[in-house]
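*Asks:* Structure file my_file07.cif (mmCIF, C-alpha atoms) right here:
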```
data_protein
loop_
_atom_site.label_atom_id
_atom_site.label_comp_id
_atom_site.auth_asym_id
_atom_site.auth_seq_id
_atom_site.Cartn_x
_atom_site.Cartn_y
_atom_site.Cartn_z
CA MET D 1 -142.67 -16.50 12.74
CA LYS D 2 -144.51 -15.06 9.80
CA GLY D 3 -148.22 -15.04 10.45
CA ALA D 4 -147.93 -15.93 14.14
CA GLY D 5 -149.60 -13.61 16.59
CA GLY D 6 -151.31 -13.35 19.91
CA PRO D 7 -150.71 -11.06 22.91
CA ARG D 8 -147.69 -13.01 24.31
CA LEU D 9 -145.79 -12.75 21.04
CA GLN D 10 -146.67 -9.06 20.81
CA GLU D 11 -145.27 -8.55 24.32
CA LEU D 12 -141.96 -10.16 23.27
CA ILE D 13 -141.76 -7.99 20.15
CA ASP D 14 -142.47 -4.86 22.19
CA LEU D 15 -139.76 -5.78 24.73
CA CYS D 16 -137.22 -6.40 21.97
CA ARG D 17 -138.02 -3.05 20.34
CA GLU D 18 -137.77 -1.29 23.70
CA ARG D 19 -134.27 -2.72 24.23
CA GLY D 20 -133.09 -2.27 20.67
CA ILE D 21 -132.92 -6.00 19.90
CA PRO D 22 -133.54 -6.53 16.16
CA VAL D 23 -136.61 -8.63 15.31
CA ARG D 24 -136.99 -10.49 12.01
CA PHE D 25 -140.04 -12.39 10.74
CA GLU D 26 -139.24 -15.63 8.92
CA PRO D 27 -141.26 -18.61 7.55
CA ARG D 28 -141.48 -21.73 9.77
CA PRO D 29 -138.83 -23.84 7.89
CA GLN D 30 -136.22 -21.13 8.61
CA LEU D 31 -137.09 -21.17 12.30
CA ASP D 32 -136.96 -24.98 12.42
CA ARG D 33 -133.46 -24.82 10.94
CA ALA D 34 -132.30 -22.04 13.29
CA ALA D 35 -133.67 -23.86 16.34
CA GLY D 36 -132.24 -27.19 15.18
CA SER D 37 -135.66 -28.72 15.81
CA ALA D 38 -139.36 -28.18 15.05
CA ALA D 39 -140.15 -28.23 18.78
CA HIS D 40 -140.14 -24.45 19.26
CA GLN D 41 -142.96 -22.03 19.95
CA GLY D 42 -142.56 -19.78 16.94
CA VAL D 43 -139.69 -17.70 18.33
CA VAL D 44 -135.90 -18.21 18.16
CA ALA D 45 -133.56 -15.90 20.06
CA PHE D 46 -129.88 -15.46 19.22
CA GLY D 47 -127.71 -14.67 22.24
CA ALA D 48 -124.04 -13.66 22.24
CA ALA D 49 -121.56 -16.29 23.46
CA GLU D 50 -120.78 -14.01 26.40
CA ARG D 51 -123.45 -12.07 28.15
CA TYR D 52 -123.07 -8.51 29.24
CA ALA D 53 -124.65 -7.11 32.36
CA THR D 54 -126.23 -3.67 32.78
CA LEU D 55 -125.12 -0.85 35.08
CA GLU D 56 -128.54 -1.06 36.68
CA GLN D 57 -127.72 -4.59 37.82
CA THR D 58 -124.09 -4.08 38.82
CA ALA D 59 -124.17 -0.64 40.48
CA ALA D 60 -127.06 -1.48 42.81
CA GLY D 61 -124.69 -3.09 45.34
CA SER D 62 -122.36 -0.05 45.48
CA GLY D 63 -119.30 -2.24 44.76
CA LEU D 64 -116.14 -1.02 43.04
CA HIS D 65 -116.49 -0.42 39.29
CA VAL D 66 -113.57 -0.45 36.85
CA VAL D 67 -114.35 1.60 33.74
CA LEU D 68 -112.17 1.18 30.64
CA ASP D 69 -111.95 4.10 28.25
CA GLY D 70 -110.90 2.17 25.14
CA VAL D 71 -108.63 -0.74 26.02
CA GLU D 72 -108.04 -2.38 22.63
CA ASP D 73 -105.82 -5.38 23.38
CA PRO D 74 -107.87 -8.47 24.34
CA GLN D 75 -104.98 -9.77 26.48
CA ASN D 76 -105.06 -6.54 28.47
CA LEU D 77 -108.85 -6.60 28.80
CA GLY D 78 -108.71 -10.20 30.06
CA ALA D 79 -105.91 -9.43 32.52
CA ILE D 80 -107.87 -6.41 33.81
CA VAL D 81 -111.03 -8.48 34.34
CA ARG D 82 -108.91 -11.03 36.24
CA THR D 83 -107.24 -8.29 38.29
CA ALA D 84 -110.49 -6.48 39.04
CA HIS D 85 -112.02 -9.72 40.27
CA ALA D 86 -108.98 -10.48 42.45
CA ALA D 87 -109.14 -6.98 43.94
CA GLY D 88 -112.81 -7.39 44.83
CA ALA D 89 -114.44 -5.23 42.16
CA ALA D 90 -118.15 -5.64 41.39
CA ALA D 91 -117.98 -4.99 37.64
CA VAL D 92 -115.91 -3.90 34.66
CA VAL D 93 -117.44 -1.37 32.24
CA ILE D 94 -116.31 -1.24 28.59
CA PRO D 95 -117.43 0.85 25.61
CA GLU D 96 -119.03 -0.70 22.53
CA ARG D 97 -116.72 0.97 20.05
CA ARG D 98 -112.97 1.11 19.47
CA ALA D 99 -112.36 -1.33 22.27
CA ALA D 100 -111.93 -5.07 22.78
CA GLY D 101 -115.14 -6.99 23.49
CA LEU D 102 -115.54 -10.34 25.21
CA THR D 103 -113.78 -12.71 22.82
CA ASP D 104 -112.25 -16.12 23.53
CA THR D 105 -108.82 -14.51 23.93
CA VAL D 106 -110.23 -12.23 26.62
CA GLY D 107 -111.78 -15.24 28.34
CA ARG D 108 -108.47 -17.09 28.41
CA ALA D 109 -106.54 -14.06 29.71
CA ALA D 110 -109.21 -13.57 32.38
CA ALA D 111 -108.40 -17.09 33.64
CA GLY D 112 -111.93 -17.91 34.77
CA ALA D 113 -112.78 -14.51 36.25
CA LEU D 114 -115.36 -13.83 33.51
CA ALA D 115 -117.58 -16.48 35.08
CA TYR D 116 -117.79 -14.37 38.25
CA LEU D 117 -117.26 -10.74 37.38
CA PRO D 118 -119.97 -9.04 35.32
CA VAL D 119 -118.88 -6.95 32.36
CA VAL D 120 -121.11 -4.05 31.30
CA ARG D 121 -120.87 -2.82 27.71
CA VAL D 122 -122.11 0.73 27.22
CA THR D 123 -122.69 2.90 24.17
CA ASN D 124 -121.16 5.92 25.82
CA ILE D 125 -118.59 5.94 28.61
CA ASN D 126 -119.42 9.54 29.63
CA ARG D 127 -123.08 8.65 29.99
CA ALA D 128 -122.11 5.61 32.12
CA LEU D 129 -119.99 7.83 34.38
CA GLU D 130 -122.93 10.21 34.78
CA GLU D 131 -125.15 7.30 35.72
CA LEU D 132 -122.62 6.11 38.29
CA LYS D 133 -122.44 9.62 39.75
CA GLU D 134 -126.23 9.76 40.02
CA ARG D 135 -125.95 6.56 42.03
CA GLY D 136 -123.52 8.21 44.45
CA TYR D 137 -120.26 6.95 42.95
CA TRP D 138 -116.98 8.88 43.18
CA ILE D 139 -115.09 8.73 39.91
CA TYR D 140 -111.27 8.42 39.98
CA GLY D 141 -109.48 8.72 36.65
CA LEU D 142 -106.00 7.23 36.30
CA ASP D 143 -103.99 9.65 34.20
CA GLU D 144 -100.40 10.78 34.17
CA ARG D 145 -101.65 14.38 34.26
CA GLY D 146 -103.18 13.59 37.66
CA GLU D 147 -101.73 15.78 40.40
CA GLN D 148 -102.53 13.39 43.23
CA SER D 149 -100.48 10.24 43.64
CA TYR D 150 -102.67 7.11 43.72
CA ASP D 151 -101.38 6.23 47.20
CA ARG D 152 -102.22 9.62 48.71
CA VAL D 153 -105.91 9.79 47.81
CA ASP D 154 -108.53 9.28 50.50
CA TYR D 155 -110.83 7.15 48.36
CA ALA D 156 -114.54 7.68 48.99
CA SER D 157 -117.09 4.93 48.64
CA PRO D 158 -118.67 3.77 46.37
CA ALA D 159 -115.82 4.27 43.92
CA ALA D 160 -115.21 3.81 40.22
CA PHE D 161 -111.76 3.83 38.60
CA VAL D 162 -111.43 4.91 34.99
CA LEU D 163 -108.45 3.70 32.96
CA GLY D 164 -107.44 4.90 29.48
CA GLY D 165 -106.47 2.70 26.56
CA GLU D 166 -102.95 1.55 25.67
CA GLY D 167 -100.42 4.27 25.02
CA ARG D 168 -102.58 7.27 25.81
CA GLY D 169 -104.34 8.83 28.77
CA LEU D 170 -108.05 9.36 29.23
CA HIS D 171 -110.07 11.14 26.56
CA GLN D 172 -110.56 14.82 27.48
CA ASN D 173 -114.31 14.37 27.90
CA VAL D 174 -113.84 11.34 30.11
CA ALA D 175 -111.22 13.14 32.24
CA ARG D 176 -113.72 15.97 32.77
CA HIS D 177 -116.23 13.49 34.18
CA CYS D 178 -113.82 12.39 36.92
CA ASP D 179 -114.00 13.76 40.47
CA ALA D 180 -110.21 13.40 40.72
CA LEU D 181 -107.35 12.47 38.43
CA VAL D 182 -104.71 10.31 40.06
CA SER D 183 -101.33 9.22 38.75
CA ILE D 184 -98.79 6.51 39.52
CA PRO D 185 -95.43 8.23 39.91
CA MET D 186 -92.72 6.32 38.07
CA ALA D 187 -89.16 5.87 39.26
CA SER D 188 -86.58 7.74 37.30
CA GLY D 189 -84.63 4.65 38.30
CA PRO D 190 -80.92 4.09 38.77
CA THR D 191 -80.78 3.41 35.05
CA GLY D 192 -82.77 6.43 33.88
CA GLY D 193 -85.03 6.51 30.86
CA ILE D 194 -88.73 6.95 30.35
CA ALA D 195 -90.88 4.64 32.42
CA SER D 196 -94.51 3.65 32.05
CA LEU D 197 -96.75 0.71 32.87
CA ASN D 198 -98.85 -1.65 30.82
CA VAL D 199 -102.52 -0.75 31.43
CA SER D 200 -103.29 -4.09 33.15
CA VAL D 201 -100.30 -3.66 35.48
CA ALA D 202 -101.40 -0.09 36.25
CA ALA D 203 -104.86 -1.45 37.05
CA GLY D 204 -103.27 -3.93 39.47
CA VAL D 205 -101.21 -1.26 41.22
CA VAL D 206 -104.17 1.10 41.73
CA LEU D 207 -106.84 -1.49 42.54
CA PHE D 208 -104.71 -3.30 45.09
CA GLU D 209 -103.77 0.01 46.74
CA TRP D 210 -107.50 0.77 46.94
CA ARG D 211 -108.06 -2.70 48.43
CA ARG D 212 -105.21 -2.28 50.92
CA ARG D 213 -106.73 1.01 52.09
CA GLN D 214 -110.19 -0.54 52.40
CA ALA D 215 -108.77 -3.37 54.54
CA ALA D 216 -106.97 -0.84 56.78
CA ARG D 217 -110.21 0.99 57.62
CA MET Q 218 -59.09 -16.47 9.94
CA LYS Q 219 -57.19 -19.58 9.11
CA GLY Q 220 -53.47 -18.88 9.07
CA ALA Q 221 -53.75 -15.43 10.65
CA GLY Q 222 -51.72 -14.82 13.73
CA GLY Q 223 -49.90 -12.26 15.78
CA PRO Q 224 -50.10 -11.29 19.45
CA ARG Q 225 -53.29 -9.12 19.12
CA LEU Q 226 -55.24 -11.97 17.57
CA GLN Q 227 -53.92 -14.34 20.23
CA GLU Q 228 -55.11 -11.92 22.92
CA LEU Q 229 -58.62 -11.93 21.42
CA ILE Q 230 -58.66 -15.74 21.26
CA ASP Q 231 -57.51 -15.98 24.87
CA LEU Q 232 -60.21 -13.52 26.02
CA CYS Q 233 -62.90 -15.47 24.16
CA ARG Q 234 -61.77 -18.77 25.71
CA GLU Q 235 -61.66 -17.15 29.15
CA ARG Q 236 -65.29 -16.04 28.78
CA GLY Q 237 -66.53 -19.21 27.10
CA ILE Q 238 -67.17 -17.57 23.73
CA PRO Q 239 -66.77 -20.18 20.96
CA VAL Q 240 -64.01 -19.45 18.43
CA ARG Q 241 -63.99 -20.92 14.91
CA PHE Q 242 -61.23 -20.61 12.29
CA GLU Q 243 -62.50 -20.14 8.73
CA PRO Q 244 -60.92 -19.35 5.30
CA ARG Q 245 -60.98 -15.69 4.17
CA PRO Q 246 -63.93 -16.03 1.67
CA GLN Q 247 -66.15 -17.23 4.56
CA LEU Q 248 -65.16 -14.22 6.65
CA ASP Q 249 -65.76 -11.83 3.74
CA ARG Q 250 -69.26 -13.24 3.40
CA ALA Q 251 -70.00 -13.12 7.15
CA ALA Q 252 -68.74 -9.53 7.41
CA GLY Q 253 -70.62 -8.49 4.27
CA SER Q 254 -67.37 -6.90 3.03
CA ALA Q 255 -63.69 -7.67 2.55
CA ALA Q 256 -62.75 -4.65 4.69
CA HIS Q 257 -62.31 -6.57 7.93
CA GLN Q 258 -59.19 -7.36 9.93
CA GLY Q 259 -59.42 -11.13 9.92
CA VAL Q 260 -61.95 -11.43 12.73
CA VAL Q 261 -65.79 -11.41 12.69
CA ALA Q 262 -67.73 -11.41 15.93
CA PHE Q 263 -71.37 -12.51 16.21
CA GLY Q 264 -73.26 -10.71 18.94
CA ALA Q 265 -76.76 -11.51 20.17
CA ALA Q 266 -79.46 -8.97 19.30
CA GLU Q 267 -79.87 -8.25 23.01
CA ARG Q 268 -77.03 -8.25 25.49
CA TYR Q 269 -77.23 -9.72 28.92
CA ALA Q 270 -75.55 -8.26 31.97
CA THR Q 271 -73.90 -10.15 34.84
CA LEU Q 272 -74.90 -10.18 38.51
CA GLU Q 273 -71.44 -8.85 39.27
CA GLN Q 274 -72.29 -5.72 37.30
CA THR Q 275 -75.87 -5.22 38.47
CA ALA Q 276 -75.68 -6.14 42.17
CA ALA Q 277 -72.74 -3.85 42.92
CA GLY Q 278 -75.06 -0.85 43.37
CA SER Q 279 -77.34 -2.66 45.87
CA GLY Q 280 -80.45 -1.78 43.84
CA LEU Q 281 -83.65 -3.83 43.77
CA HIS Q 282 -83.39 -7.10 41.82
CA VAL Q 283 -86.37 -8.92 40.34
CA VAL Q 284 -85.66 -12.64 39.90
CA LEU Q 285 -87.94 -14.72 37.66
CA ASP Q 286 -88.19 -18.43 38.38
CA GLY Q 287 -89.35 -19.58 34.94
CA VAL Q 288 -91.65 -16.99 33.33
CA GLU Q 289 -92.37 -18.55 29.92
CA ASP Q 290 -94.61 -16.03 28.17
CA PRO Q 291 -92.58 -13.34 26.35
CA GLN Q 292 -95.42 -10.82 26.81
CA ASN Q 293 -95.23 -11.36 30.55
CA LEU Q 294 -91.43 -11.12 30.60
CA GLY Q 295 -91.59 -7.85 28.64
CA ALA Q 296 -94.29 -6.41 30.90
CA ILE Q 297 -92.26 -7.37 33.98
CA VAL Q 298 -89.11 -5.69 32.63
CA ARG Q 299 -91.21 -2.58 31.94
CA THR Q 300 -92.78 -2.72 35.42
CA ALA Q 301 -89.47 -3.36 37.19
CA HIS Q 302 -87.96 -0.35 35.44
CA ALA Q 303 -90.94 1.85 36.33
CA ALA Q 304 -90.69 0.75 39.98
CA GLY Q 305 -87.01 1.65 40.12
CA ALA Q 306 -85.42 -1.80 40.03
CA ALA Q 307 -81.75 -2.18 39.11
CA ALA Q 308 -82.01 -5.47 37.21
CA VAL Q 309 -84.16 -8.44 36.20
CA VAL Q 310 -82.67 -11.93 36.55
CA ILE Q 311 -83.91 -14.80 34.36
CA PRO Q 312 -82.84 -18.44 34.02
CA GLU Q 313 -81.34 -19.85 30.81
CA ARG Q 314 -83.72 -22.79 30.57
CA ARG Q 315 -87.47 -23.27 30.44
CA ALA Q 316 -88.05 -19.54 30.37
CA ALA Q 317 -88.51 -16.77 27.84
CA GLY Q 318 -85.32 -15.03 26.68
CA LEU Q 319 -84.92 -11.56 25.22
CA THR Q 320 -86.79 -11.87 21.92
CA ASP Q 321 -88.34 -9.11 19.81
CA THR Q 322 -91.73 -9.80 21.40
CA VAL Q 323 -90.21 -9.21 24.83
CA GLY Q 324 -88.64 -5.99 23.58
CA ARG Q 325 -91.98 -4.70 22.29
CA ALA Q 326 -93.81 -5.61 25.51
CA ALA Q 327 -91.06 -3.92 27.52
CA ALA Q 328 -91.90 -0.68 25.65
CA GLY Q 329 -88.34 0.65 25.64
CA ALA Q 330 -87.38 -0.39 29.16
CA LEU Q 331 -84.88 -2.97 27.85
CA ALA Q 332 -82.67 -0.10 26.74
CA TYR Q 333 -82.33 1.01 30.38
CA LEU Q 334 -82.83 -1.98 32.64
CA PRO Q 335 -80.15 -4.69 32.55
CA VAL Q 336 -81.31 -8.30 32.29
CA VAL Q 337 -79.07 -10.99 33.77
CA ARG Q 338 -79.39 -14.54 32.43
CA VAL Q 339 -78.12 -17.20 34.80
CA THR Q 340 -77.59 -20.94 34.50
CA ASN Q 341 -79.03 -21.59 37.93
CA ILE Q 342 -81.51 -19.41 39.83
CA ASN Q 343 -80.60 -20.94 43.21
CA ARG Q 344 -76.93 -20.14 42.65
CA ALA Q 345 -77.88 -16.56 41.70
CA LEU Q 346 -79.90 -16.21 44.92
CA GLU Q 347 -76.93 -17.46 46.92
CA GLU Q 348 -74.71 -14.91 45.20
CA LEU Q 349 -77.19 -12.13 46.01
CA LYS Q 350 -77.28 -13.27 49.65
CA GLU Q 351 -73.48 -13.18 49.81
CA ARG Q 352 -73.75 -9.59 48.65
CA GLY Q 353 -76.09 -8.75 51.53
CA TYR Q 354 -79.42 -9.05 49.71
CA TRP Q 355 -82.64 -10.06 51.44
CA ILE Q 356 -84.63 -12.47 49.30
CA TYR Q 357 -88.45 -12.17 49.22
CA GLY Q 358 -90.34 -14.89 47.37
CA LEU Q 359 -93.85 -14.16 46.11
CA ASP Q 360 -95.88 -17.30 46.69
CA GLU Q 361 -99.47 -18.00 47.65
CA ARG Q 362 -98.16 -20.24 50.45
CA GLY Q 363 -96.53 -17.14 51.95
CA GLU Q 364 -97.88 -16.42 55.42
CA GLN Q 365 -97.03 -12.73 55.37
CA SER Q 366 -99.11 -10.36 53.29
CA TYR Q 367 -96.98 -8.34 50.85
CA ASP Q 368 -98.16 -5.08 52.45
CA ARG Q 369 -97.23 -6.10 56.00
CA VAL Q 370 -93.57 -6.94 55.43
CA ASP Q 371 -90.88 -4.59 56.69
CA TYR Q 372 -88.67 -4.91 53.62
CA ALA Q 373 -84.94 -4.82 54.32
CA SER Q 374 -82.44 -3.35 51.90
CA PRO Q 375 -80.94 -4.37 49.51
CA ALA Q 376 -83.86 -6.55 48.41
CA ALA Q 377 -84.57 -9.09 45.71
CA PHE Q 378 -88.07 -10.30 44.80
CA VAL Q 379 -88.49 -13.77 43.33
CA LEU Q 380 -91.55 -14.51 41.19
CA GLY Q 381 -92.64 -17.93 39.91
CA GLY Q 382 -93.76 -18.78 36.40
CA GLU Q 383 -97.30 -18.66 35.05
CA GLY Q 384 -99.82 -20.83 36.81
CA ARG Q 385 -97.59 -22.17 39.55
CA GLY Q 386 -95.70 -20.93 42.58
CA LEU Q 387 -91.98 -20.98 43.17
CA HIS Q 388 -90.01 -24.20 42.78
CA GLN Q 389 -89.43 -25.86 46.19
CA ASN Q 390 -85.69 -25.31 45.99
CA VAL Q 391 -86.14 -21.66 45.08
CA ALA Q 392 -88.66 -21.12 47.89
CA ARG Q 393 -86.10 -22.56 50.35
CA HIS Q 394 -83.60 -19.93 49.24
CA CYS Q 395 -85.94 -17.09 50.23
CA ASP Q 396 -85.65 -15.24 53.54
CA ALA Q 397 -89.42 -14.77 53.55
CA LEU Q 398 -92.36 -15.89 51.44
CA VAL Q 399 -94.99 -13.21 50.92
CA SER Q 400 -98.43 -13.48 49.34
CA ILE Q 401 -100.98 -11.13 47.82
CA PRO Q 402 -104.31 -11.88 49.51
CA MET Q 403 -107.10 -12.02 46.94
CA ALA Q 404 -110.62 -10.78 47.46
CA SER Q 405 -113.25 -13.44 47.73
CA GLY Q 406 -115.21 -10.64 46.08
CA PRO Q 407 -118.91 -9.88 46.04
CA THR Q 408 -119.17 -12.30 43.14
CA GLY Q 409 -117.17 -15.17 44.64
CA GLY Q 410 -114.99 -17.56 42.69
CA ILE Q 411 -111.32 -18.30 42.59
CA ALA Q 412 -109.13 -15.26 42.09
CA SER Q 413 -105.53 -14.98 40.98
CA LEU Q 414 -103.29 -12.50 39.19
CA ASN Q 415 -101.31 -12.59 35.99
CA VAL Q 416 -97.60 -12.75 36.97
CA SER Q 417 -96.82 -9.32 35.47
CA VAL Q 418 -99.73 -7.75 37.38
CA ALA Q 419 -98.56 -9.47 40.59
CA ALA Q 420 -95.09 -8.02 39.96
CA GLY Q 421 -96.65 -4.56 39.65
CA VAL Q 422 -98.62 -4.88 42.88
CA VAL Q 423 -95.62 -6.05 44.92
CA LEU Q 424 -92.95 -3.82 43.36
CA PHE Q 425 -95.04 -0.65 43.68
CA GLU Q 426 -95.89 -1.50 47.29
CA TRP Q 427 -92.14 -1.88 47.90
CA ARG Q 428 -91.59 1.47 46.16
CA ARG Q 429 -94.35 3.16 48.17
CA ARG Q 430 -92.75 1.94 51.41
CA GLN Q 431 -89.31 3.13 50.30
CA ALA Q 432 -90.71 6.59 49.54
CA ALA Q 433 -92.42 6.74 52.94
CA ARG Q 434 -89.12 6.19 54.82
#
```
Written as structure tokens, that's how I'd like the structure from this file.
*Replies:*
Amino acid sequence: MKGAGGPRLQELIDLCRERGIPVRFEPRPQLDRAAGSAAHQGVVAFGAAERYATLEQTAAGSGLHVVLDGVEDPQNLGAIVRTAHAAGAAAVVIPERRAAGLTDTVGRAAAGALAYLPVVRVTNINRALEELKERGYWIYGLDERGEQSYDRVDYASPAAFVLGGEGRGLHQNVARHCDALVSIPMASGPTGGIASLNVSVAAGVVLFEWRRRQAAR
Amino acid sequence: MKGAGGPRLQELIDLCRERGIPVRFEPRPQLDRAAGSAAHQGVVAFGAAERYATLEQTAAGSGLHVVLDGVEDPQNLGAIVRTAHAAGAAAVVIPERRAAGLTDTVGRAAAGALAYLPVVRVTNINRALEELKERGYWIYGLDERGEQSYDRVDYASPAAFVLGGEGRGLHQNVARHCDALVSIPMASGPTGGIASLNVSVAAGVVLFEWRRRQAAR
């Protein structure tokens, strides 16, 4: 609020600036309107409908992370969140740009899993992979160029799987940040033809193989 | 065409009646319009955009069959056709009623797989399962009531997998036609909550486990 002050308000402003949250100063009537009431303490915060977690929070427990390098279809993002939760992952990591965010469509496709599985949104996927590595994570990239078949890898722990967006593999830079590239070999099939998987189905195949191997330990 | 005749036309009419294809007799101007030209030989056939195969054709080779007990979402049907093809299946079987058929949306979600993998549309799923059994198939139903985990089953050959529609298991009658019911155990997960999979993701998990086991033989 314009003209308000004091050390507690200054602390809030400093915290917002530190975290890159925009701060605007407005006259009291504006704040009353935004808060829907005059019973506020001079500050109104606007939160997103869905809250994102931070890697700091999610990676502390060393649980499985699923990192998405540009999945654009909200149905796919939702199905991947649902699948990751069902496979026992600790978090899904998505980039801020050129990718689906947490919309209502994603929520519906996730079928309730968003209430349980934290989603981390990062500015830079490569930086997030570096941070995971610093925390002891092994990074497995799913890519058709991968020489190892997904069911032949001796997965180390803690692990993070990186999946590319629809219709393309991982970005070169992202692939370089992986400890190993793994692929899902497709059947040539009795009927022939080119075969590939939807990214959410590929996530299911790899994550449940990982889970199966964990259970067999 | 009204008034046309001759043994070749009669043969066509007989074949249509034999296969249950409706035959209508119309005056020549109607036929010219339907054919988009007068250069026809007195007969115009209307084909569906997508052609269905028959169990007789697809089951002869003893390849894997994926039977869908009422998948209603065309995106899911398309993704399952794509997944079945990638896993090396020989055919997908769908019911005529209360289920998605082969629309353009399905074709797009199948990402080209429809050109290679035959889809059989049957009047009655239970009857189709009986026919597969008569041909020596082992029927595995995916259902959360299944006591065997999908990765612990010693799959016999030839095999057919039956998947239920979105948000529910197999119909009671369909479940009774299965030789075994198998389930995909979900993680309770570090974050808790109810977990389940989208039907196309579940298809991927089970079909690629089947494929992995085939390859290991």
*Asks:* For the atom pair CA of Val153 in chain D and CA of Ser200 in chain D, what is the interatomic distance in Å to one decimal place?
*Replies:*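 Here the two named atoms are 20.4 Å from each other.
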*Asks:* For range 94-102 of chain D, list every protein, DNA or RNA residue within 7 Å, evaluated using only C-alpha atoms, and leave out those in the same chain fewer than 2 positions away; present the list as a VMD selection string.
*Replies:* chain D and resid 50 67 to 74 77 92 104 106 to 107 120 to 125
*Asks:* Could you tell me how far CA of Gly358 in chain Q lies from CA of Ser149 in chain D, in Å and to one decimal?
*Replies:*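 Between these atoms lies a distance of 27.4 Å.
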*Asks:* Have a look at D:Val119, D:Ala175, D:Ala216, D:Ala195 and name the one nearest to chain Q; count all atoms listed in the file.
*Replies:*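 Answer, going by the shortest atom-to-atom distance: D:Ala195.
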*Asks:* Please write as a list in words the full residue list that the PyMOL selection byres ((chain Q and resi 376) around 7) yields on this file.
*Replies:*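 On this input, the PyMOL selection byres ((chain Q and resi 376) around 7) captures Leu281, His282, Tyr354, Trp355, Ile356, Ala373, Ser374, Pro375, Ala377 and Phe378 of chain Q.
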*Asks:* Write out as a ChimeraX atom specification every residue belonging to chain D that has an atom at most 10 Å from any atom of chain Q, counting all atoms listed in the file.
*Replies:* /D:61,63-64,75,78-91,109-118,151,167,184-209,211-212
*Asks:* What is the distance between CA of Gly363 in chain Q and CA of Ala397 in chain Q, in Å to one decimal?
*Replies:*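 Computing the Euclidean distance for CA of Gly363 in chain Q and CA of Ala397 in chain Q yields 7.7 Å.
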*Asks:* If you apply the PyMOL selection byres ((chain D and resi 43) around 10) to this file, what residues do you get, as a list in words?
*Replies:*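 Evaluating the PyMOL selection byres ((chain D and resi 43) around 10) on these coordinates yields Met1, Ala4, Leu9, Leu12, Arg24, Phe25, Glu26, Arg28, Leu31, Asp32, Ala34, Ala35, His40, Gln41, Gly42, Val44 and Ala45 of chain D.
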*Asks:* Could you check the closest approach to Glu348 in chain Q for each of Q:Arg236, Q:His388, Q:His394, Q:Arg325 and tell me which residue wins, using only C-alpha atoms?
*Replies:*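 Nearest to Glu348 in chain Q: Q:His394.
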*Asks:* May I ask which of the residues D:Val174, D:Ala60, D:Ala215, D:Val93 is the closest one to Glu134 in chain D, counting only C-alpha atoms?
*Replies:* D:Ala60
*Asks:* Would you compute, for all listed atoms of range 391-406 of chain Q, the axis-aligned bounding box grown by 4 Å on each side, and then report its centre and edge lengths in Å rounded to one decimal, as AutoDock Vina command-line options?
*Replies:*
```
--center_x -99.4 --center_y -16.6 --center_z 49.3 --size_x 39.6 --size_y 19.9 --size_z 16.5
```
*Asks:* May I have the residues within 9 Å of Glu147 in chain D as a list of chain:residue names, using all atoms listed in the file and disregarding those fewer than 5 positions away in the same chain?
*Replies:*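 The contact residues come out as D:Ala180, D:Leu181, D:Val182, D:Ser183.
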